Amino acid sequence: MAAVLDPVFEAEAMRFRWLDNWAKLPTPQRGAENQRTHGVAETRDGRLVVFRQADPAVLFYDRQGRLVNSWGSHFLGAHGLTLANDAGREVLLLTDQYSGAVELRDLEGRFIRDYRRPPHAAYASPAAKWSPTWAALAPDGKVWVADGYGQSLVHRYDRDGAYEKTLDGSEPGALGLFKCPHGIGFNPMGELVVVDRHNRRLQIYDTSGNFKRGVSGHFIYPCSVAFSGGKMLVPELTSGVKLVLGETHVVADLGRHEGINAIQGWPNLAGSEHVRPGRFISPHGACFCSGGDIAVVEWVVGGRVTRLVREG
């Protein structure tokens, strides 16, 4: 494993050291021309799960960054990955932006259930696109799916995968129609957080779909959310990864690379001087890890997995 230690980030009482190329991606059977890394999470036993657009798509790494397992041959459009607790069992919710697959699987890759395009009026036309970007498991066992690249809607399904309802941002009190609800997740209070990317904001709902509040004015191009206690991570595709206390107190923009999206060829800058320790190219997914570390994956051909090691 080739690694570079550099530099150090200070965020209030927190200190992180950048560990570049922490995990090496295996040679794919298919999808070698892509391999973008889109989702990341840590299991209870400390393994890091990475979701990439290649075969195999689901990669498991130990705490030293060594590949210990992999599976998933049919996720060439791998996008959102959510690790969830289903009645005490760890499961993965996986979305594929190309095929439209939304699947619930156990950590060994065994299929449990899928969630299909709903019978909603937005899909009445054969030309209507269904391209899910993220899914999340609610505390009540129901599953929410964001059709971020299709109709900009968020749908709820029951425990058996039957469609129940849809949110579009027009609910009473909400901030307005979603424009690419790219990522979704549940905060520690059990509320649904919709990452309304093109509108540069978060819209927050209860599990019944009632709007609670919005967060605007803090984000540039948010992709997803991750939570740990009172902290939140928000990867910004064209900047860094925001570390937020609560919902509005941004304490750090880790690896910020202002103006990187204006570079010709962005985000596929592999091998260029722009890809260097301490600066992200296109953060897409992030998670808190045991010991206070942070893992980040990027939307870049060839993939990139970075670990920020907590030092204080």
# chains A, B, ... in the order shown; residues from 1 in each chain; ligands from 1
>>> select_by_dssp(residues="range 187-229 of chain A", states="strand (DSSP E)", output="PDB file with N, CA and C atoms, in the first residue's frame")
ATOM      1  N   LEU A 192     -35.394  12.495   8.283  1.00  0.00           N
ATOM      2  CA  LEU A 192     -34.894  12.316   6.929  1.00  0.00           C
ATOM      3  C   LEU A 192     -34.254  13.610   6.436  1.00  0.00           C
ATOM      4  N   VAL A 193     -32.978  13.535   6.084  1.00  0.00           N
ATOM      5  CA  VAL A 193     -32.257  14.699   5.552  1.00  0.00           C
ATOM      6  C   VAL A 193     -32.084  14.504   4.051  1.00  0.00           C
ATOM      7  N   VAL A 194     -32.668  15.406   3.270  1.00  0.00           N
ATOM      8  CA  VAL A 194     -32.574  15.360   1.810  1.00  0.00           C
ATOM      9  C   VAL A 194     -31.522  16.364   1.363  1.00  0.00           C
ATOM     10  N   VAL A 195     -30.498  15.871   0.669  1.00  0.00           N
ATOM     11  CA  VAL A 195     -29.447  16.744   0.147  1.00  0.00           C
ATOM     12  C   VAL A 195     -29.920  17.254  -1.219  1.00  0.00           C
ATOM     13  N   ASP A 196     -30.473  18.444  -1.200  1.00  0.00           N
ATOM     14  CA  ASP A 196     -31.076  19.084  -2.383  1.00  0.00           C
ATOM     15  C   ASP A 196     -29.947  19.802  -3.142  1.00  0.00           C
ATOM     16  N   ARG A 201     -28.758  23.113  -0.655  1.00  0.00           N
ATOM     17  CA  ARG A 201     -29.379  23.155   0.673  1.00  0.00           C
ATOM     18  C   ARG A 201     -29.767  21.754   1.137  1.00  0.00           C
ATOM     19  N   LEU A 202     -30.160  21.677   2.402  1.00  0.00           N
ATOM     20  CA  LEU A 202     -30.731  20.471   2.979  1.00  0.00           C
ATOM     21  C   LEU A 202     -32.191  20.746   3.298  1.00  0.00           C
ATOM     22  N   GLN A 203     -33.054  19.753   3.052  1.00  0.00           N
ATOM     23  CA  GLN A 203     -34.449  19.836   3.478  1.00  0.00           C
ATOM     24  C   GLN A 203     -34.709  18.633   4.380  1.00  0.00           C
ATOM     25  N   ILE A 204     -35.312  18.885   5.530  1.00  0.00           N
ATOM     26  CA  ILE A 204     -35.405  17.878   6.584  1.00  0.00           C
ATOM     27  C   ILE A 204     -36.867  17.575   6.903  1.00  0.00           C
ATOM     28  N   TYR A 205     -37.188  16.267   6.987  1.00  0.00           N
ATOM     29  CA  TYR A 205     -38.556  15.785   7.176  1.00  0.00           C
ATOM     30  C   TYR A 205     -38.614  14.766   8.310  1.00  0.00           C
ATOM     31  N   PHE A 211     -42.549  18.217   6.506  1.00  0.00           N
ATOM     32  CA  PHE A 211     -41.366  19.078   6.486  1.00  0.00           C
ATOM     33  C   PHE A 211     -41.129  19.655   7.877  1.00  0.00           C
ATOM     34  N   LYS A 212     -39.863  19.648   8.294  1.00  0.00           N
ATOM     35  CA  LYS A 212     -39.491  20.168   9.607  1.00  0.00           C
ATOM     36  C   LYS A 212     -38.721  21.487   9.506  1.00  0.00           C
ATOM     37  N   ARG A 213     -37.682  21.512   8.672  1.00  0.00           N
ATOM     38  CA  ARG A 213     -36.864  22.723   8.549  1.00  0.00           C
ATOM     39  C   ARG A 213     -35.899  22.542   7.375  1.00  0.00           C
ATOM     40  N   GLY A 214     -35.297  23.669   6.986  1.00  0.00           N
ATOM     41  CA  GLY A 214     -34.316  23.639   5.915  1.00  0.00           C
ATOM     42  C   GLY A 214     -33.021  24.286   6.359  1.00  0.00           C
ATOM     43  N   VAL A 215     -31.934  23.942   5.669  1.00  0.00           N
ATOM     44  CA  VAL A 215     -30.623  24.531   5.952  1.00  0.00           C
ATOM     45  C   VAL A 215     -30.072  25.068   4.640  1.00  0.00           C
ATOM     46  N   SER A 216     -29.977  26.386   4.529  1.00  0.00           N
ATOM     47  CA  SER A 216     -29.492  27.034   3.319  1.00  0.00           C
ATOM     48  C   SER A 216     -28.358  27.999   3.666  1.00  0.00           C
ATOM     49  N   ALA A 226     -23.399  12.396   6.403  1.00  0.00           N
ATOM     50  CA  ALA A 226     -23.082  11.335   7.349  1.00  0.00           C
ATOM     51  C   ALA A 226     -23.073  11.955   8.738  1.00  0.00           C
ATOM     52  N   PHE A 227     -23.422  11.157   9.749  1.00  0.00           N
ATOM     53  CA  PHE A 227     -23.595  11.691  11.093  1.00  0.00           C
ATOM     54  C   PHE A 227     -22.832  10.872  12.130  1.00  0.00           C
ATOM     55  N   SER A 228     -22.402  11.557  13.177  1.00  0.00           N
ATOM     56  CA  SER A 228     -21.826  10.904  14.346  1.00  0.00           C
ATOM     57  C   SER A 228     -22.072  11.815  15.533  1.00  0.00           C
TER      58      SER A 228
END
>>> residues_around(residues="range 73-89 of chain A", least_positions_apart="2", cutoff="9 Å", atoms="only C-alpha atoms", output="ChimeraX atom specification")
/A:29-31,34-43,49-58,71,91-101,106,132-139,141,182-183,185,224,285
>>> write_last_selection(atoms="N, CA and C atoms", output="short mmCIF file (atom, residue, chain, number, x, y, z; two decimals), in the first residue's frame")
data_model
loop_
_atom_site.label_atom_id
_atom_site.label_comp_id
_atom_site.auth_asym_id
_atom_site.auth_seq_id
_atom_site.Cartn_x
_atom_site.Cartn_y
_atom_site.Cartn_z
N GLN A 29 -12.87 -6.60 -13.21
CA GLN A 29 -13.21 -7.51 -14.30
C GLN A 29 -13.88 -6.76 -15.44
N ARG A 30 -14.69 -5.78 -15.06
CA ARG A 30 -15.35 -4.89 -16.03
C ARG A 30 -15.37 -3.49 -15.42
N GLY A 31 -15.46 -2.47 -16.29
CA GLY A 31 -15.54 -1.11 -15.80
C GLY A 31 -14.20 -0.45 -15.56
N ASN A 34 -13.82 3.24 -15.90
CA ASN A 34 -14.60 4.09 -15.00
C ASN A 34 -14.03 4.02 -13.58
N GLN A 35 -14.55 3.12 -12.77
CA GLN A 35 -14.10 2.88 -11.39
C GLN A 35 -14.31 4.05 -10.45
N ARG A 36 -15.21 4.97 -10.78
CA ARG A 36 -15.46 6.08 -9.85
C ARG A 36 -15.92 5.55 -8.50
N THR A 37 -15.42 6.12 -7.45
CA THR A 37 -15.78 5.70 -6.09
C THR A 37 -16.84 6.66 -5.56
N HIS A 38 -18.01 6.09 -5.22
CA HIS A 38 -19.16 6.94 -4.92
C HIS A 38 -19.69 6.85 -3.49
N GLY A 39 -19.57 5.70 -2.86
CA GLY A 39 -20.12 5.55 -1.51
C GLY A 39 -19.13 4.91 -0.57
N VAL A 40 -19.26 5.20 0.74
CA VAL A 40 -18.34 4.65 1.72
C VAL A 40 -19.04 4.59 3.08
N ALA A 41 -18.74 3.55 3.86
CA ALA A 41 -19.28 3.39 5.21
C ALA A 41 -18.39 2.44 5.98
N GLU A 42 -18.49 2.49 7.31
CA GLU A 42 -17.72 1.58 8.15
C GLU A 42 -18.64 0.64 8.90
N THR A 43 -18.31 -0.66 8.90
CA THR A 43 -19.10 -1.66 9.62
C THR A 43 -18.77 -1.63 11.11
N VAL A 49 -16.30 -0.09 3.81
CA VAL A 49 -16.96 -0.55 2.59
C VAL A 49 -16.94 0.59 1.58
N VAL A 50 -16.44 0.29 0.39
CA VAL A 50 -16.37 1.27 -0.70
C VAL A 50 -17.21 0.77 -1.87
N PHE A 51 -17.98 1.66 -2.47
CA PHE A 51 -18.86 1.33 -3.59
C PHE A 51 -18.32 2.06 -4.82
N ARG A 52 -17.92 1.28 -5.84
CA ARG A 52 -17.34 1.88 -7.04
C ARG A 52 -18.02 1.36 -8.31
N GLN A 53 -17.87 2.11 -9.39
CA GLN A 53 -18.50 1.76 -10.65
C GLN A 53 -17.59 0.82 -11.45
N ALA A 54 -17.58 -0.43 -11.02
CA ALA A 54 -16.77 -1.45 -11.67
C ALA A 54 -17.20 -2.81 -11.11
N ASP A 55 -16.64 -3.86 -11.63
CA ASP A 55 -16.89 -5.23 -11.18
C ASP A 55 -15.57 -5.80 -10.65
N PRO A 56 -15.48 -6.09 -9.33
CA PRO A 56 -16.52 -6.00 -8.31
C PRO A 56 -16.73 -4.56 -7.83
N ALA A 57 -17.95 -4.31 -7.39
CA ALA A 57 -18.34 -2.94 -7.00
C ALA A 57 -18.23 -2.70 -5.51
N VAL A 58 -18.48 -3.72 -4.70
CA VAL A 58 -18.51 -3.56 -3.24
C VAL A 58 -17.21 -4.12 -2.67
N TRP A 71 -17.45 -8.10 -3.78
CA TRP A 71 -18.52 -8.74 -4.54
C TRP A 71 -19.30 -7.67 -5.28
N VAL A 91 -26.84 -4.26 7.15
CA VAL A 91 -27.22 -4.45 5.75
C VAL A 91 -26.75 -3.25 4.94
N LEU A 92 -26.74 -3.42 3.63
CA LEU A 92 -26.35 -2.36 2.71
C LEU A 92 -27.50 -2.03 1.77
N LEU A 93 -27.77 -0.74 1.62
CA LEU A 93 -28.70 -0.26 0.60
C LEU A 93 -27.85 0.31 -0.52
N LEU A 94 -28.02 -0.24 -1.72
CA LEU A 94 -27.18 0.09 -2.86
C LEU A 94 -28.03 0.61 -4.00
N THR A 95 -27.60 1.71 -4.62
CA THR A 95 -28.32 2.23 -5.78
C THR A 95 -27.39 2.27 -6.98
N ASP A 96 -27.96 2.00 -8.16
CA ASP A 96 -27.22 2.02 -9.41
C ASP A 96 -27.87 3.03 -10.35
N GLN A 97 -27.14 4.10 -10.66
CA GLN A 97 -27.72 5.18 -11.44
C GLN A 97 -27.99 4.78 -12.89
N TYR A 98 -27.26 3.79 -13.41
CA TYR A 98 -27.43 3.37 -14.80
C TYR A 98 -28.58 2.38 -14.97
N SER A 99 -28.58 1.31 -14.19
CA SER A 99 -29.61 0.28 -14.34
C SER A 99 -30.89 0.62 -13.61
N GLY A 100 -30.82 1.54 -12.63
CA GLY A 100 -31.99 1.87 -11.83
C GLY A 100 -32.22 0.91 -10.67
N ALA A 101 -31.29 -0.01 -10.44
CA ALA A 101 -31.43 -0.97 -9.35
C ALA A 101 -31.29 -0.28 -8.00
N ASP A 106 -27.18 -8.21 2.39
CA ASP A 106 -26.39 -8.34 3.61
C ASP A 106 -24.92 -8.11 3.27
N PRO A 132 -32.02 6.41 -9.73
CA PRO A 132 -31.86 6.62 -8.29
C PRO A 132 -30.40 6.86 -7.91
N THR A 133 -30.22 7.75 -6.95
CA THR A 133 -28.88 8.11 -6.52
C THR A 133 -28.55 7.68 -5.08
N TRP A 134 -29.56 7.52 -4.23
CA TRP A 134 -29.29 7.14 -2.85
C TRP A 134 -30.53 6.52 -2.23
N ALA A 135 -30.33 5.71 -1.21
CA ALA A 135 -31.43 5.13 -0.45
C ALA A 135 -31.05 5.09 1.02
N ALA A 136 -32.06 5.11 1.90
CA ALA A 136 -31.79 5.11 3.34
C ALA A 136 -32.89 4.36 4.07
N LEU A 137 -32.52 3.70 5.14
CA LEU A 137 -33.45 2.93 5.96
C LEU A 137 -33.88 3.76 7.16
N ALA A 138 -35.19 3.97 7.30
CA ALA A 138 -35.73 4.78 8.39
C ALA A 138 -35.77 3.98 9.69
N PRO A 139 -35.85 4.66 10.84
CA PRO A 139 -35.95 3.95 12.12
C PRO A 139 -37.15 3.03 12.20
N GLY A 141 -38.19 1.13 9.84
CA GLY A 141 -38.00 0.01 8.94
C GLY A 141 -38.38 0.27 7.49
N HIS A 182 -29.82 14.51 -4.34
CA HIS A 182 -28.72 13.60 -4.66
C HIS A 182 -28.48 12.55 -3.58
N GLY A 183 -28.43 12.99 -2.34
CA GLY A 183 -28.20 12.08 -1.22
C GLY A 183 -29.28 12.21 -0.18
N GLY A 185 -30.28 10.69 4.05
CA GLY A 185 -29.84 9.94 5.21
C GLY A 185 -30.66 10.34 6.42
N SER A 224 -23.86 14.37 -0.19
CA SER A 224 -24.41 13.38 0.74
C SER A 224 -24.19 13.86 2.16
N GLY A 285 -18.65 10.91 -1.35
CA GLY A 285 -19.15 10.22 -0.17
C GLY A 285 -18.15 10.32 0.96
#
>>> residues_around(residues="Lys142 in chain A", least_positions_apart="5", cutoff="9 Å", atoms="only C-alpha atoms", output="PyMOL selection string")
chain A and resi 136-137+156-161+207
>>> atom_distance(atom1="CA of Glu33 in chain A", atom2="CA of Pro267 in chain A")
14.2 Å
>>> atom_distance(atom1="CA of Trp144 in chain A", atom2="CA of Gly176 in chain A")
19.1 Å
>>> select_by_dssp(residues="range 182-292 of chain A", states="helix (DSSP H, G or I)", output="PyMOL selection string")
chain A and resi 197-199+260-262+290-292
>>> residues_around(residues="Ser70 in chain A", least_positions_apart="2", cutoff="9 Å", atoms="only C-alpha atoms", output="PyMOL selection string")
chain A and resi 56-60+67-68+72+108-109
>>> write_last_selection(atoms="C-alpha atoms", output="mmCIF file, in the first residue's frame")
data_model
loop_
_atom_site.group_PDB
_atom_site.id
_atom_site.type_symbol
_atom_site.label_atom_id
_atom_site.label_comp_id
_atom_site.auth_asym_id
_atom_site.auth_seq_id
_atom_site.Cartn_x
_atom_site.Cartn_y
_atom_site.Cartn_z
ATOM 1 C CA PRO A 56 -16.522 -5.998 -8.310
ATOM 2 C CA ALA A 57 -18.338 -2.944 -7.004
ATOM 3 C CA VAL A 58 -18.511 -3.561 -3.245
ATOM 4 C CA LEU A 59 -15.070 -3.592 -1.622
ATOM 5 C CA PHE A 60 -14.234 -4.311 2.030
ATOM 6 C CA LEU A 67 -8.726 -5.563 0.727
ATOM 7 C CA VAL A 68 -10.405 -8.434 2.601
ATOM 8 C CA GLY A 72 -21.116 -7.163 -6.800
ATOM 9 C CA GLU A 108 -21.863 -11.019 2.190
ATOM 10 C CA GLY A 109 -23.793 -9.811 -0.841
#
>>> residues_around(residues="range 112-115 of chain A", least_positions_apart="5", cutoff="7 Å", atoms="only C-alpha atoms", output="ChimeraX atom specification")
/A:102-105,161
>>> residues_around(residues="Phe16 in chain A", least_positions_apart="6", cutoff="12 Å", atoms="only C-alpha atoms", output="JSON, numbers by chain")
{"A": [5, 6, 7, 8, 9, 10, 243, 252, 254, 255, 278, 291, 292, 293, 294, 295, 306, 307, 308, 309, 310, 311, 312]}
>>> write_last_selection(atoms="C-alpha atoms", output="PDB file, in the first residue's frame")
ATOM      1  CA  LEU A   5       1.214  11.348   5.314  1.00  0.00           C
ATOM      2  CA  ASP A   6       0.539  15.051   4.820  1.00  0.00           C
ATOM      3  CA  PRO A   7      -0.795  17.563   5.878  1.00  0.00           C
ATOM      4  CA  VAL A   8      -2.579  18.196   9.179  1.00  0.00           C
ATOM      5  CA  PHE A   9      -6.019  19.803   9.502  1.00  0.00           C
ATOM      6  CA  GLU A  10      -7.121  21.608  12.660  1.00  0.00           C
ATOM      7  CA  LEU A 243     -17.358  19.172   9.022  1.00  0.00           C
ATOM      8  CA  ALA A 252     -13.842  23.011   8.746  1.00  0.00           C
ATOM      9  CA  LEU A 254     -11.427  19.621   4.903  1.00  0.00           C
ATOM     10  CA  GLY A 255      -9.280  19.313   1.784  1.00  0.00           C
ATOM     11  CA  GLY A 278      -4.342  17.729   1.295  1.00  0.00           C
ATOM     12  CA  GLY A 291     -11.454   6.320  16.594  1.00  0.00           C
ATOM     13  CA  GLY A 292     -12.772   9.541  15.092  1.00  0.00           C
ATOM     14  CA  ASP A 293     -11.215   9.067  11.641  1.00  0.00           C
ATOM     15  CA  ILE A 294     -12.984  10.213   8.476  1.00  0.00           C
ATOM     16  CA  ALA A 295     -13.001   8.329   5.146  1.00  0.00           C
ATOM     17  CA  THR A 306      -8.600   8.948   1.448  1.00  0.00           C
ATOM     18  CA  ARG A 307      -8.509   8.527   5.217  1.00  0.00           C
ATOM     19  CA  LEU A 308      -8.209  11.472   7.581  1.00  0.00           C
ATOM     20  CA  VAL A 309      -6.689  10.090  10.765  1.00  0.00           C
ATOM     21  CA  ARG A 310      -7.865  11.669  14.007  1.00  0.00           C
ATOM     22  CA  GLU A 311      -4.916  12.766  16.117  1.00  0.00           C
ATOM     23  CA  GLY A 312      -6.545  14.903  18.737  1.00  0.00           C
TER      24      GLY A 312
END
>>> atom_distance(atom1="CA of Cys223 in chain A", atom2="CA of Ser282 in chain A")
9.9 Å
>>> closest_residue(among="A:Gly229, A:Gly209, A:Pro277, A:Gly190", to="Asp20 in chain A", atoms="only C-alpha atoms")
A:Pro277
>>> residues_around(residues="Ala128 in chain A", least_positions_apart="4", cutoff="8 Å", atoms="only C-alpha atoms", output="list in words")
Ala122, Tyr123, Ala124, Gly150 and Gln151 of chain A
